[in-house]
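One structure below.
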Amino acid sequence: MAWQNPWYNPEYPHHAPQGFRNPEPDLRQAGDLKRWRQERKQQGLPLPPAQGYEQFIRQWWQPANLSGDRDSVWWLGHACVLLRTAGRYTLIDPVFSDRASPLSLFGPKRKTPTALTVEDLPALDVVLISHNHYDHLDRPTIKKILRRFPEVTFVVPLGLQAWFRRVGAKQICQLDWWQQTQVAGLTIHAVPARHWSMRSLWDRNRSLWCGWVVQNATLNFWFSGDSGYSENLLEIPRRLGPFNLAALPVGAYAPKWFMQGQHMDPDQAVSLYRAIGQPHTIPIHWGVFELADESLDEPPRVLEASVREAGLNLSCFKPWKIGAEMLLDNIT
């Protein structure tokens with residue numbers, strides 16, 4: 001008997017009897033994955049950064065400095081973001097392993113060092129997980145977090161609670177799109193994203209994917225998670241904006257014919273940035289793992305060009321160094 005979605009609600013367009021789905025049409029066709037793999041192998045993609053990996057690290061990486069006690073946000077590489085609000089810490093999509101893979105010897109390998117380790121964290125109150133892909137949900141990292149902070153609260157999309165129970169988590173809140181919870185002085189909303197989920201050959205789209213909106217008295221932060229561009233995303237600022245901080249993806253977009261349904265390119269991220277009122281925005285989903293065909297140094301270069309071509313100021317949407325910090329006083 002086929003697996004049945006226990007959360008299925010026919011009134012929700014992102015629900016299906018056998019799992020979850022995007023409201024937008026699926027742009028991929030049968031055979032596209034095989035075609036992409038063949039083409040990237042033939043072309044030797046992705047290419048290394050223009051000046052090599054060591055120079056890329058020197059230019060785009062620094063260790064995260066958690067000293068001080070003021071409210072801050074750090075970008076820790078790829079999609080990992082750390083927030084300090086009122087002395088409490090929220091970590092989003094932490095992946096500190098050497099590979100984004102279920103296997104230790106195969107799969108996308110980390111090309112830049114981690115900006116910090118779990119042992120560097122002075123405290124941890126909340127962990128948000130956007131979806132179950134290995135570059136966003138890393139079992140060794142979660143196990144390390146639980147060893148240090150066994151009472152930490154995990155906020156996850158529908159379908160992931162059982163996974164966290166199995167690894168030993170005690171405090172888990174799972175949400176559907178547009179649901180919310182309060183934890184550690186924050187209101188946290190699960191919001192739509194255009195993506196998919198899978199950790200094995202047998203569980204495709206059996207758990208949901210989402211972005212997060214994190215709010216307190218002075219912060220209104222939209223973390224988009226992994227998402228292709230969609231006009232449907234504009235419902236998020238309509239309901240929950242205006243935002244004074246955002247994190248939008250700018251990497252893993254090449255080739256566009258294959259990736260556009262699940263990842264934005266920098267041009268699309270800039271378009272979305274304009275549409276939500278140009279808040280301070282962290283470009284995420286680049287700089288660590290080579291998941292698509294563009295080189296590691298292409299997203300920041302293309303992003304800067306896209307911002308300039310749109311006639312916008314780079315001060316609020318520019319590439320960050322991995323490990324960089326911004327005081328939240330600067331955005332409120």
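In the structure tokens, the first chain shown is A, the next is B, and so on; residue numbers restart at 1 for each chain, and ligands run from 1 in the order shown.
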Which of segment 39-286 of chain A end up as strand (DSSP E) when DSSP is run on this backbone - answer as JSON, numbers by chain? {"A": [72, 73, 74, 75, 81, 82, 83, 84, 85, 88, 89, 90, 91, 92, 126, 127, 128, 153, 154, 155, 156, 157, 171, 172, 173, 174, 175, 180, 181, 182, 183, 186, 187, 188, 189, 190, 191, 211, 212, 213, 214, 215, 220, 221, 222, 223, 245, 246, 247, 248, 249, 280, 281, 282, 283, 284]}
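Near Glu235 of chain A, within 10 Å and counting only C-alpha atoms, sit Val191, Pro192, Leu240 and Gly241 of chain A, not including residues fewer than 5 positions from it in the same chain.
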Restricting it to N, CA, C and O atoms, dump the selection as a compact mmCIF listing (two decimals), in the first residue's frame.
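Everything below was put into selection_32.txt:
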```
# COMPACT_ATOMS: atom_id res chain seq x y z
N VAL A 191 6.84 29.74 6.47
CA VAL A 191 6.28 30.38 5.28
C VAL A 191 6.64 29.57 4.03
O VAL A 191 7.58 28.77 4.03
N PRO A 192 5.92 29.78 2.93
CA PRO A 192 6.14 28.97 1.73
C PRO A 192 7.52 29.16 1.11
O PRO A 192 8.18 30.20 1.26
N LEU A 240 3.26 39.34 6.32
CA LEU A 240 4.13 39.42 7.49
C LEU A 240 5.13 40.56 7.43
O LEU A 240 5.86 40.78 8.41
N GLY A 241 5.22 41.28 6.31
CA GLY A 241 6.15 42.40 6.21
C GLY A 241 5.63 43.64 6.89
O GLY A 241 4.57 43.62 7.53
```
Residues of segment 241-306 of chain A that approach segment 193-196 of chain A to 9 Å or less, counting only C-alpha atoms: could you list each one with the shortest pair of atoms and its distance in Å to one decimal, rows by chain and increasing residue number, as JSON lines?
```
{"residue": "A:Gly261", "atom": "CA", "partner": "A:Arg194", "partner_atom": "CA", "distance": 7.1}
{"residue": "A:Gln262", "atom": "CA", "partner": "A:His195", "partner_atom": "CA", "distance": 4.7}
{"residue": "A:His263", "atom": "CA", "partner": "A:His195", "partner_atom": "CA", "distance": 7.6}
```
Could you check which of A:His78, A:Leu83, A:Val95, A:Leu296 is closest to Gln215 of chain A, using only C-alpha atoms? A:Leu83
Tell me, as number ranges by chain, which residues lie within 10 Å of Ile145 of chain A, counting only C-alpha atoms; anything in the same chain fewer than 6 positions away does not count. A: 94, 117-119, 121, 124, 127, 139, 151-152, 169
Just-selected residues, N, CA, C and O atoms written as an mmCIF file, in the first residue's frame:
```cif
data_model
loop_
_atom_site.group_PDB
_atom_site.id
_atom_site.type_symbol
_atom_site.label_atom_id
_atom_site.label_comp_id
_atom_site.auth_asym_id
_atom_site.auth_seq_id
_atom_site.Cartn_x
_atom_site.Cartn_y
_atom_site.Cartn_z
ATOM 1 N N PRO A 94 22.106 24.541 10.313
ATOM 2 C CA PRO A 94 23.539 24.329 10.563
ATOM 3 C C PRO A 94 24.065 23.063 9.900
ATOM 4 O O PRO A 94 23.494 21.979 10.047
ATOM 5 N N THR A 117 32.454 26.205 15.364
ATOM 6 C CA THR A 117 32.013 24.844 15.676
ATOM 7 C C THR A 117 30.931 24.911 16.734
ATOM 8 O O THR A 117 30.701 25.958 17.358
ATOM 9 N N VAL A 118 30.276 23.794 16.958
ATOM 10 C CA VAL A 118 29.259 23.736 18.013
ATOM 11 C C VAL A 118 29.887 24.070 19.360
ATOM 12 O O VAL A 118 29.271 24.727 20.204
ATOM 13 N N GLU A 119 31.144 23.673 19.549
ATOM 14 C CA GLU A 119 31.835 23.948 20.821
ATOM 15 C C GLU A 119 32.092 25.434 21.024
ATOM 16 O O GLU A 119 32.292 25.881 22.158
ATOM 17 N N LEU A 121 29.902 27.785 20.504
ATOM 18 C CA LEU A 121 28.669 28.477 20.871
ATOM 19 C C LEU A 121 28.559 28.607 22.386
ATOM 20 O O LEU A 121 28.653 27.613 23.111
ATOM 21 N N LEU A 124 22.729 27.890 23.115
ATOM 22 C CA LEU A 124 21.886 27.701 21.945
ATOM 23 C C LEU A 124 20.474 27.384 22.427
ATOM 24 O O LEU A 124 20.259 26.426 23.164
ATOM 25 N N VAL A 127 16.902 25.964 17.161
ATOM 26 C CA VAL A 127 17.437 25.603 15.847
ATOM 27 C C VAL A 127 16.257 25.511 14.884
ATOM 28 O O VAL A 127 15.283 24.803 15.152
ATOM 29 N N ARG A 139 22.975 15.258 10.060
ATOM 30 C CA ARG A 139 22.826 14.456 11.275
ATOM 31 C C ARG A 139 24.001 14.603 12.245
ATOM 32 O O ARG A 139 23.771 14.799 13.453
ATOM 33 N N GLU A 151 18.498 20.495 25.763
ATOM 34 C CA GLU A 151 17.168 21.087 25.909
ATOM 35 C C GLU A 151 16.831 22.062 24.794
ATOM 36 O O GLU A 151 15.802 22.741 24.847
ATOM 37 N N VAL A 152 17.669 22.150 23.768
ATOM 38 C CA VAL A 152 17.420 23.079 22.669
ATOM 39 C C VAL A 152 16.099 22.734 21.975
ATOM 40 O O VAL A 152 15.695 21.575 21.910
ATOM 41 N N ALA A 169 16.242 14.328 20.102
ATOM 42 C CA ALA A 169 15.730 15.650 20.472
ATOM 43 C C ALA A 169 14.499 15.506 21.368
ATOM 44 O O ALA A 169 13.670 14.612 21.174
#
```
